[in-house]
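Trainee: Input structure: run33.cif, which contains mmCIF, C-alpha atoms and all ligand atoms.
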```cif
data_final
#
loop_
_atom_site.label_atom_id
_atom_site.label_comp_id
_atom_site.auth_asym_id
_atom_site.auth_seq_id
_atom_site.Cartn_x
_atom_site.Cartn_y
_atom_site.Cartn_z
CA MET G 1 15.00 -19.69 -2.73
CA ARG G 2 15.40 -19.39 -6.48
CA VAL G 3 11.77 -19.55 -7.56
CA PHE G 4 10.42 -20.14 -11.06
CA VAL G 5 7.15 -18.23 -11.45
CA THR G 6 4.79 -18.63 -14.41
CA GLY G 7 2.31 -15.80 -14.91
CA ALA G 8 4.80 -13.51 -13.19
CA SER G 9 3.90 -10.69 -15.60
CA GLY G 10 0.15 -10.95 -14.87
CA TRP G 11 -2.10 -9.37 -12.24
CA ILE G 12 -1.46 -11.89 -9.46
CA GLY G 13 2.20 -11.99 -10.48
CA SER G 14 2.42 -8.21 -10.04
CA GLY G 15 1.80 -8.83 -6.35
CA VAL G 16 3.71 -12.08 -5.97
CA VAL G 17 7.02 -11.02 -7.58
CA PRO G 18 7.65 -8.03 -5.25
CA GLU G 19 6.42 -10.08 -2.29
CA LEU G 20 9.01 -12.80 -3.04
CA ILE G 21 11.85 -10.41 -3.78
CA GLY G 22 11.01 -8.40 -0.65
CA ALA G 23 11.40 -11.57 1.40
CA GLY G 24 14.85 -12.28 -0.08
CA HIS G 25 13.95 -14.82 -2.76
CA GLN G 26 15.24 -14.73 -6.34
CA VAL G 27 12.54 -14.82 -9.01
CA VAL G 28 12.85 -16.28 -12.49
CA GLY G 29 9.68 -15.44 -14.39
CA LEU G 30 8.27 -17.07 -17.52
CA ALA G 31 7.74 -14.48 -20.27
CA ARG G 32 6.30 -15.11 -23.71
CA SER G 33 6.92 -11.66 -25.21
CA ASP G 34 9.27 -8.68 -25.08
CA ALA G 35 6.57 -6.73 -23.23
CA SER G 36 6.27 -9.37 -20.49
CA SER G 37 10.07 -9.64 -20.28
CA ALA G 38 10.28 -5.89 -19.74
CA VAL G 39 7.67 -6.07 -16.95
CA LEU G 40 9.67 -8.77 -15.19
CA THR G 41 13.01 -7.02 -15.57
CA ALA G 42 11.52 -3.82 -14.17
CA ALA G 43 10.22 -5.79 -11.19
CA GLY G 44 13.70 -7.16 -10.46
CA ALA G 45 13.11 -10.71 -11.76
CA GLU G 46 15.18 -12.78 -14.18
CA VAL G 47 13.46 -13.73 -17.42
CA HIS G 48 12.94 -17.25 -18.75
CA ARG G 49 11.62 -16.88 -22.31
CA GLY G 50 8.96 -19.37 -23.33
CA THR G 51 5.28 -20.18 -23.38
CA LEU G 52 3.04 -22.55 -21.48
CA ASP G 53 3.18 -24.87 -24.47
CA ASP G 54 6.99 -25.22 -24.43
CA LEU G 55 6.98 -28.18 -22.06
CA ASP G 56 10.73 -28.89 -22.35
CA SER G 57 11.43 -25.29 -21.48
CA LEU G 58 9.08 -25.44 -18.45
CA ARG G 59 10.77 -28.68 -17.35
CA SER G 60 14.28 -27.24 -17.50
CA ALA G 61 13.26 -24.05 -15.68
CA ALA G 62 11.60 -26.07 -12.90
CA ALA G 63 14.58 -28.41 -12.63
CA ALA G 64 16.90 -25.43 -12.11
CA ALA G 65 14.73 -23.86 -9.38
CA ASP G 66 14.28 -24.47 -5.65
CA GLY G 67 10.52 -24.12 -6.06
CA VAL G 68 7.81 -23.35 -8.62
CA ILE G 69 4.79 -21.05 -8.42
CA HIS G 70 2.38 -21.61 -11.30
CA LEU G 71 0.07 -18.64 -11.91
CA ALA G 72 -0.10 -18.55 -15.72
CA PHE G 73 -3.37 -19.47 -17.36
CA LYS G 74 -4.42 -18.67 -20.91
CA LEU G 75 -7.04 -16.19 -19.76
CA ASP G 76 -6.75 -14.34 -23.07
CA ILE G 77 -8.45 -17.28 -24.79
CA ALA G 78 -10.29 -18.75 -21.77
CA PHE G 79 -13.07 -16.18 -21.72
CA SER G 80 -13.55 -15.94 -25.47
CA GLY G 81 -14.65 -19.51 -26.02
CA GLY G 82 -11.31 -21.21 -25.36
CA PHE G 83 -11.61 -22.24 -21.72
CA ARG G 84 -11.25 -25.94 -22.54
CA ALA G 85 -8.06 -25.37 -24.55
CA ALA G 86 -6.70 -23.17 -21.74
CA ALA G 87 -7.50 -25.83 -19.13
CA ASP G 88 -5.90 -28.57 -21.24
CA ALA G 89 -2.70 -26.55 -21.67
CA ASP G 90 -2.70 -25.85 -17.94
CA ARG G 91 -2.97 -29.56 -17.18
CA ARG G 92 -0.02 -30.39 -19.43
CA ALA G 93 2.07 -27.69 -17.74
CA VAL G 94 1.21 -28.99 -14.24
CA GLU G 95 2.01 -32.57 -15.29
CA THR G 96 5.36 -31.35 -16.60
CA PHE G 97 6.18 -29.54 -13.35
CA GLY G 98 5.19 -32.67 -11.43
CA GLU G 99 7.64 -34.77 -13.44
CA ALA G 100 10.42 -32.22 -12.98
CA LEU G 101 9.94 -31.89 -9.22
CA ALA G 102 9.11 -35.51 -8.29
CA GLY G 103 11.30 -36.92 -5.54
CA SER G 104 12.79 -33.54 -4.64
CA ASP G 105 10.65 -32.35 -1.70
CA ARG G 106 10.66 -28.94 -3.42
CA PRO G 107 7.61 -26.66 -3.15
CA PHE G 108 5.11 -26.39 -5.98
CA VAL G 109 2.29 -23.87 -5.57
CA ILE G 110 -0.52 -23.46 -8.07
CA ALA G 111 -3.33 -20.92 -8.28
CA SER G 112 -6.87 -22.18 -8.60
CA GLY G 113 -10.33 -20.78 -7.85
CA THR G 114 -13.15 -21.11 -5.33
CA LEU G 115 -16.02 -20.10 -7.60
CA GLY G 116 -18.73 -22.72 -8.02
CA LEU G 117 -17.10 -25.45 -5.90
CA ALA G 118 -19.89 -25.19 -3.30
CA LEU G 119 -23.11 -23.39 -4.17
CA GLY G 120 -25.35 -21.87 -1.51
CA ARG G 121 -23.02 -22.67 1.36
CA VAL G 122 -19.60 -21.63 2.59
CA LEU G 123 -16.72 -23.51 0.92
CA THR G 124 -13.94 -24.50 3.30
CA GLU G 125 -10.45 -25.86 2.76
CA ARG G 126 -11.77 -29.28 3.74
CA ASP G 127 -13.98 -29.35 0.64
CA GLY G 128 -12.25 -31.31 -2.06
CA HIS G 129 -11.62 -30.32 -5.65
CA ASP G 130 -14.80 -31.67 -7.19
CA PRO G 131 -14.75 -31.42 -11.00
CA GLU G 132 -18.46 -32.21 -11.25
CA ALA G 133 -19.41 -29.20 -9.10
CA VAL G 134 -17.94 -26.67 -11.53
CA ALA G 135 -18.71 -28.51 -14.79
CA PRO G 136 -21.87 -26.43 -15.48
CA LEU G 137 -19.95 -23.13 -15.26
CA VAL G 138 -18.03 -23.47 -18.52
CA ASP G 139 -16.66 -26.29 -20.68
CA GLY G 140 -13.20 -27.08 -19.30
CA ALA G 141 -13.89 -25.94 -15.74
CA ALA G 142 -13.95 -29.57 -14.58
CA THR G 143 -10.51 -30.14 -16.11
CA ARG G 144 -9.12 -27.16 -14.25
CA VAL G 145 -10.40 -28.50 -10.95
CA SER G 146 -9.11 -32.01 -11.61
CA THR G 147 -5.72 -30.45 -12.36
CA ALA G 148 -5.73 -29.01 -8.83
CA GLN G 149 -6.46 -32.51 -7.52
CA MET G 150 -3.58 -33.85 -9.54
CA ALA G 151 -1.23 -31.17 -8.20
CA LEU G 152 -2.13 -32.16 -4.63
CA SER G 153 -1.57 -35.83 -5.39
CA LEU G 154 2.06 -34.99 -6.25
CA ALA G 155 2.60 -34.94 -2.49
CA SER G 156 2.78 -38.73 -2.70
CA LEU G 157 5.71 -38.33 -5.14
CA ASP G 158 7.64 -36.22 -2.65
CA VAL G 159 6.66 -32.82 -4.08
CA ARG G 160 5.63 -30.23 -1.46
CA SER G 161 2.61 -29.24 -3.51
CA SER G 162 -0.14 -26.85 -2.48
CA VAL G 163 -3.13 -25.27 -4.17
CA VAL G 164 -4.07 -21.69 -3.33
CA ARG G 165 -7.75 -21.23 -4.16
CA LEU G 166 -8.41 -17.62 -5.10
CA PRO G 167 -11.81 -15.95 -4.95
CA PRO G 168 -13.35 -14.61 -8.18
CA THR G 169 -12.18 -11.16 -7.33
CA VAL G 170 -8.59 -10.45 -6.38
CA HIS G 171 -8.91 -6.70 -6.17
CA GLY G 172 -6.61 -3.70 -6.04
CA GLU G 173 -5.30 -0.91 -8.22
CA GLY G 174 -4.64 -2.33 -11.71
CA ASP G 175 -7.18 -5.19 -11.45
CA HIS G 176 -8.46 -6.19 -14.90
CA GLY G 177 -10.70 -9.08 -13.83
CA PHE G 178 -14.40 -9.53 -13.13
CA VAL G 179 -15.05 -6.27 -11.24
CA PRO G 180 -13.65 -3.94 -13.93
CA THR G 181 -15.70 -5.97 -16.43
CA LEU G 182 -18.83 -5.28 -14.37
CA VAL G 183 -17.95 -1.59 -14.25
CA GLY G 184 -17.54 -1.59 -18.04
CA ILE G 185 -20.90 -3.32 -18.57
CA ALA G 186 -22.61 -0.78 -16.29
CA ARG G 187 -21.06 2.08 -18.26
CA ASP G 188 -22.10 0.55 -21.58
CA LYS G 189 -25.67 -0.23 -20.54
CA GLY G 190 -26.29 2.89 -18.45
CA ILE G 191 -27.46 0.88 -15.42
CA SER G 192 -25.67 -1.10 -12.72
CA GLY G 193 -27.34 -4.50 -12.69
CA TYR G 194 -27.51 -7.57 -10.49
CA ILE G 195 -29.34 -10.85 -11.05
CA GLY G 196 -32.60 -11.61 -9.17
CA ASP G 197 -32.48 -10.14 -5.67
CA GLY G 198 -28.68 -9.92 -5.78
CA SER G 199 -28.26 -11.67 -2.43
CA ASN G 200 -25.86 -14.24 -3.89
CA ARG G 201 -22.33 -13.81 -2.60
CA TRP G 202 -18.78 -13.71 -3.93
CA PRO G 203 -15.74 -13.92 -1.71
CA ALA G 204 -12.85 -11.52 -2.30
CA VAL G 205 -9.26 -10.74 -1.37
CA HIS G 206 -6.89 -7.85 -1.94
CA LEU G 207 -3.97 -8.60 -4.28
CA LEU G 208 -1.33 -7.90 -1.62
CA ASP G 209 -2.93 -10.24 0.92
CA ALA G 210 -3.21 -12.97 -1.73
CA ALA G 211 0.43 -12.49 -2.73
CA HIS G 212 1.50 -12.80 0.90
CA LEU G 213 -0.33 -16.11 1.25
CA ILE G 214 1.23 -17.44 -1.96
CA ARG G 215 4.69 -16.67 -0.55
CA LEU G 216 3.83 -18.39 2.74
CA ALA G 217 2.61 -21.41 0.76
CA LEU G 218 5.95 -21.58 -1.04
CA GLU G 219 7.88 -21.30 2.20
CA LYS G 220 5.97 -23.57 4.53
CA ALA G 221 2.71 -25.13 3.29
CA PRO G 222 2.60 -28.82 4.19
CA ALA G 223 2.61 -31.15 1.18
CA GLY G 224 -0.88 -31.63 -0.26
CA SER G 225 -2.43 -28.48 1.32
CA THR G 226 -5.43 -26.63 -0.02
CA LEU G 227 -5.30 -23.00 1.09
CA HIS G 228 -7.92 -20.27 0.76
CA ALA G 229 -6.82 -16.71 -0.06
CA ILE G 230 -10.09 -15.30 1.23
CA ALA G 231 -10.50 -12.03 3.14
CA ASP G 232 -14.20 -11.22 2.53
CA GLN G 233 -16.16 -14.44 2.98
CA GLY G 234 -19.09 -13.34 0.83
CA VAL G 235 -20.02 -9.92 -0.54
CA PRO G 236 -23.58 -9.79 -1.94
CA ILE G 237 -23.54 -9.01 -5.65
CA ARG G 238 -26.22 -6.40 -5.05
CA THR G 239 -23.84 -4.53 -2.70
CA ILE G 240 -21.20 -4.53 -5.45
CA ALA G 241 -23.77 -3.24 -7.96
CA GLU G 242 -24.82 -0.50 -5.53
CA VAL G 243 -21.26 0.77 -5.10
CA ILE G 244 -20.76 0.75 -8.88
CA GLY G 245 -24.05 2.62 -9.36
CA ARG G 246 -23.11 5.23 -6.76
CA HIS G 247 -19.67 5.88 -8.26
CA LEU G 248 -20.93 6.04 -11.85
CA ASP G 249 -24.13 7.86 -10.88
CA LEU G 250 -26.24 5.17 -12.53
CA PRO G 251 -29.49 3.51 -11.43
CA VAL G 252 -29.06 0.12 -9.69
CA VAL G 253 -31.41 -2.36 -11.33
CA ALA G 254 -32.48 -5.97 -10.70
CA ILE G 255 -32.19 -8.06 -13.88
CA SER G 256 -34.33 -11.18 -14.14
CA PRO G 257 -32.46 -14.48 -14.57
CA GLU G 258 -34.13 -14.79 -18.02
CA ASP G 259 -32.71 -11.44 -19.19
CA ALA G 260 -29.33 -11.79 -17.47
CA GLY G 261 -27.60 -13.37 -20.49
CA GLU G 262 -28.36 -10.34 -22.64
CA TYR G 263 -27.07 -7.94 -20.00
CA PHE G 264 -24.04 -9.78 -18.60
CA GLY G 265 -23.05 -12.00 -21.56
CA TRP G 266 -20.39 -14.64 -20.71
CA LEU G 267 -20.24 -13.36 -17.13
CA THR G 268 -23.81 -14.49 -16.34
CA GLY G 269 -23.10 -17.98 -14.94
CA PHE G 270 -20.33 -16.66 -12.73
CA LEU G 271 -22.30 -13.67 -11.51
CA ALA G 272 -25.35 -15.74 -10.62
CA ALA G 273 -23.34 -18.08 -8.38
CA ASP G 274 -23.81 -17.94 -4.61
CA SER G 275 -20.31 -19.09 -3.78
CA PRO G 276 -18.98 -17.80 -0.42
CA ALA G 277 -15.78 -19.25 1.00
CA SER G 278 -14.00 -19.26 4.34
CA SER G 279 -10.29 -19.09 5.25
CA VAL G 280 -10.45 -19.95 8.94
CA LEU G 281 -8.28 -23.04 8.49
CA THR G 282 -5.76 -21.26 6.26
CA ARG G 283 -5.37 -18.42 8.78
CA GLU G 284 -4.65 -20.92 11.54
CA LEU G 285 -2.35 -23.18 9.53
CA MET G 286 -0.31 -20.45 7.85
CA ASP G 287 -0.58 -17.65 10.43
CA TRP G 288 -1.93 -15.51 7.59
CA HIS G 289 -3.99 -12.46 8.45
CA PRO G 290 -5.31 -10.24 5.64
CA VAL G 291 -4.64 -6.58 6.43
CA GLN G 292 -5.63 -4.78 3.21
CA PRO G 293 -9.02 -3.08 2.57
CA GLY G 294 -11.99 -5.32 1.80
CA LEU G 295 -13.64 -5.27 -1.64
CA ILE G 296 -16.23 -2.57 -0.89
CA ALA G 297 -13.71 -0.30 0.85
CA ASP G 298 -11.34 -0.77 -2.09
CA LEU G 299 -14.10 0.08 -4.58
CA ASP G 300 -14.90 3.17 -2.52
CA LYS G 301 -11.33 4.39 -2.99
CA GLY G 302 -12.42 5.26 -6.52
CA HIS G 303 -9.60 3.79 -8.64
CA TYR G 304 -11.98 1.33 -10.38
CA PHE G 305 -13.91 4.28 -11.81
CA ARG G 306 -11.17 6.64 -12.94
CA SER G 307 -10.59 5.48 -16.50
CA LYS G 308 -12.94 4.25 -19.19
N1 LIG G 401 -7.45 -12.27 -10.88
C1 LIG G 401 -8.36 -12.94 -10.21
O1 LIG G 401 -9.25 -12.33 -9.61
C2 LIG G 401 -8.30 -14.46 -10.13
C3 LIG G 401 -9.32 -15.13 -9.47
C4 LIG G 401 -9.29 -16.52 -9.37
C5 LIG G 401 -8.23 -17.22 -9.94
N2 LIG G 401 -7.24 -16.55 -10.60
C6 LIG G 401 -6.14 -17.33 -11.20
O2 LIG G 401 -4.88 -16.77 -10.87
C7 LIG G 401 -3.96 -16.99 -11.94
C8 LIG G 401 -3.36 -15.67 -12.38
O3 LIG G 401 -4.42 -14.83 -12.84
P1 LIG G 401 -4.18 -13.29 -13.20
O4 LIG G 401 -5.38 -12.57 -12.72
O5 LIG G 401 -2.83 -12.85 -12.77
O6 LIG G 401 -4.23 -13.37 -14.79
P2 LIG G 401 -3.58 -12.37 -15.87
O7 LIG G 401 -3.36 -11.02 -15.29
O8 LIG G 401 -4.39 -12.50 -17.11
O9 LIG G 401 -2.16 -13.02 -16.11
C9 LIG G 401 -2.03 -14.24 -16.78
C10 LIG G 401 -0.55 -14.58 -16.83
O10 LIG G 401 -0.41 -15.79 -17.57
C11 LIG G 401 0.52 -15.55 -18.62
N3 LIG G 401 0.17 -16.36 -19.78
C12 LIG G 401 -1.02 -16.47 -20.41
N4 LIG G 401 -0.93 -17.28 -21.46
C13 LIG G 401 0.36 -17.70 -21.51
C14 LIG G 401 1.08 -18.54 -22.37
N5 LIG G 401 0.48 -19.13 -23.43
N6 LIG G 401 2.39 -18.75 -22.13
C15 LIG G 401 3.00 -18.17 -21.08
N7 LIG G 401 2.37 -17.35 -20.21
C16 LIG G 401 1.07 -17.12 -20.44
C17 LIG G 401 0.37 -14.09 -18.95
O11 LIG G 401 1.51 -13.64 -19.66
P3 LIG G 401 1.49 -12.26 -20.50
O12 LIG G 401 1.93 -11.18 -19.53
O13 LIG G 401 2.49 -12.46 -21.57
O14 LIG G 401 0.09 -12.05 -21.02
C18 LIG G 401 0.27 -13.52 -17.54
O15 LIG G 401 1.55 -13.44 -16.94
C19 LIG G 401 -4.75 -17.71 -13.03
O16 LIG G 401 -4.57 -19.08 -12.86
C20 LIG G 401 -6.17 -17.31 -12.72
O17 LIG G 401 -7.13 -18.22 -13.25
C21 LIG G 401 -7.26 -15.20 -10.70
#
```
Could you rewrite the structure in this file as C-alpha cells?

Mentor:
Amino acid sequence: MRVFVTGASGWIGSGVVPELIGAGHQVVGLARSDASSAVLTAAGAEVHRGTLDDLDSLRSAAAAADGVIHLAFKLDIAFSGGFRAAADADRRAVETFGEALAGSDRPFVIASGTLGLALGRVLTERDGHDPEAVAPLVDGAATRVSTAQMALSLASLDVRSSVVRLPPTVHGEGDHGFVPTLVGIARDKGISGYIGDGSNRWPAVHLLDAAHLIRLALEKAPAGSTLHAIADQGVPIRTIAEVIGRHLDLPVVAISPEDAGEYFGWLTGFLAADSPASSVLTRELMDWHPVQPGLIADLDKGHYFRSK
C-alpha cells in the first residue's frame, strides 16, 4: 500500500515507518520542517510538506493514498498549556481525513491513549471512548477521546477505521516521553519520587511492538476496531521509581498527594492515575504477540540513564 503517515518523524513514527517499509509498503510522511523532511528521507519515506493545520494539503495527501495512519499530535504545545488547542487541531485533521476517505473502504488508523479511561480497574478494548472519564486529566482531553469515537464512527461511511490506544509509556531507545521526564525530575530533585504508596499502575509497550500492531491495524483491522497496544498490563509507579533510583543512585521517596504538584508539576495528574489496561482481545483478533522487553527490563538496559 501507499500509506500517508502523519507524525512519521516523531517517536512512534520512528518505529512505524521502518515497520511499514520492511513489510513492502510505500510511506509518504507529513513533514512541517526541513529537519523532519530529512528524518523521513533518511528512513526511506517520501515527504509531503505541510502542517496539521493545512487541511487542504492533508485532504489531497489522503486522497492520493491507499491508507492513512495518523500519529501527529501537537505535543510541543499540548504539555505547555495548549492541550485544548492541540486536541482541536487534531479533531479538524481527523474530520478532514474522514471526508477524504469516505466511501472508499480504505484503512484509517489513528493513535490514541489508554490513560485515565478506566481508573482503578483494567481497561479493555470493549470499554468505549468516554470523554467524561478523561475530562479531569487536562482541558481538552475529552475532545481527544471524542475524536477517537468520531474516527470509529467513520466505519459507517465505508472507511476501515481503527483506533490504536497506546499506553502512557511507549518505551525504547530514543523515547522522549513520560519516563525520560521522570528521570529528569529525579535528577533535578535528587530523589526518585512516587505518589502515596506508589501502587497505582501504568501499562506499557515497547516501540517496536506498538509499531507492529499499527501495521497490522492498517492491513487487516476490521472497520470500527479499538485495539490496545499493551504489553505490560500495569507496572506499579513505585517499581518505576525504584529502578530510576537504583540507576541514578538516588533515594526512592514517597511524596504525599498534597506535595506531589510541587515535585511532579504538570505530570502529577497522569502519574497519580491507576490506569492498567489489557490487550487480550487485540492479541486474539490481530494475532499480535509482543516480543520486546517489558518496561522494567528496558529501563534496566541503562539507555534511559546515559545522557543528561
Ligand atoms: N509516546 C508515547 O508514549 C505515547 C503514549 C500515548 C499516546 N501517544 C500518541 O501517539 C502519537 C505519536 O506520539 P509520539 O510519541 O510519536 O510524539 P512525538 O515524538 O512528539 O511526535 C509528534 C509528531 O507529530 C508531528 N507534529 C506535531 N505538530 C505538528 C504540526 N503542527 N504539523 C505537522 N506535524 C506535527 C511532529 O512533527 P515534527 O517532527 O516536525 O516535530 C512529530 O512527527 C500522538 O498522538 C501521541 O499522543 C504516544

Trainee: Do a neighbour search on Ser156 in chain G at 12 Å with only C-alpha atoms, toss out local chain neighbours closer than 3 positions, and write the hits as a ChimeraX atom specification.

Mentor: /G:98,101-105,150-153,159-161,223-224

Trainee: With all atoms listed in the file as the basis for distance, which of G:Val170, G:Ala38, G:Ala87, G:Ala204 is at the shortest distance from Ala148 in chain G?

Mentor: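 Result for the nearest residue to Ala148 in chain G: G:Ala87.
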
Trainee: To one decimal in Å, tell me the separation between CA of Arg106 in chain G and CA of Val17 in chain G.

Mentor: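 CA of Val17 in chain G lies at a distance of 18.8 Å from CA of Arg106 in chain G.
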
Trainee: Tell me, counting all atoms listed in the file, for each residue of chain G within 6 Å of ligand LIG 401 (chain G), which pair of atoms is nearest and how far apart they are in Å to one decimal, in rows ordered by chain and increasing number, as CSV.

Mentor:
```
residue,atom,partner,partner_atom,distance
G:Gly7,CA,G:LIG401,O15,3.2
G:Ala8,CA,G:LIG401,O15,5.0
G:Ser9,CA,G:LIG401,O15,3.9
G:Gly10,CA,G:LIG401,O9,3.3
G:Trp11,CA,G:LIG401,O5,3.6
G:Ile12,CA,G:LIG401,O5,3.7
G:Gly13,CA,G:LIG401,O5,5.6
G:Ala31,CA,G:LIG401,O13,5.8
G:Arg32,CA,G:LIG401,O13,5.1
G:Ser33,CA,G:LIG401,O13,5.8
G:Ser36,CA,G:LIG401,O12,4.8
G:Thr51,CA,G:LIG401,N6,3.5
G:Leu52,CA,G:LIG401,N6,3.9
G:Leu71,CA,G:LIG401,C7,4.4
G:Ala72,CA,G:LIG401,O10,3.3
G:Phe73,CA,G:LIG401,O16,4.7
G:Lys74,CA,G:LIG401,N4,3.8
G:Leu75,CA,G:LIG401,O8,5.3
G:Ala111,CA,G:LIG401,O16,5.1
G:Ser112,CA,G:LIG401,C5,5.3
G:Gly113,CA,G:LIG401,C5,4.6
G:Leu166,CA,G:LIG401,C4,4.5
G:Pro167,CA,G:LIG401,C4,5.1
G:Pro168,CA,G:LIG401,C3,4.3
G:Thr169,CA,G:LIG401,O1,3.9
G:Val170,CA,G:LIG401,O1,3.8
G:Gly177,CA,G:LIG401,N1,5.4
```

Trainee: Quick one: pull the distance between CA of Leu137 in chain G and CA of Ile77 in chain G, Å, one decimal.

Mentor: 16.0 Å

Trainee: Around (9.7, -10.2, -14.6) in the file's frame, which residues reach within 12 Å when counting only C-alpha atoms? Return as a count of residues only?

Mentor: 40

Trainee: Restricting the calculation to all atoms listed in the file, which member of G:Val205, G:Ala229, G:Ala63, G:Leu55 is positioned closest to Asp90 in chain G?

Mentor: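 Distance minimum relative to Asp90 in chain G lands on G:Leu55.
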
Trainee: Distance CA of Pro251 in chain G-CA of Gly269 in chain G, one decimal place?

Mentor: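 Interatomic distance here is 22.7 Å.
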
Trainee: I'd like to know which of G:Ser80, G:Thr96, G:Gln149, G:Ser192 is closest to Ser60 in chain G, using all atoms listed in the file.

Mentor: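 The closest residue to Ser60 in chain G is G:Thr96.
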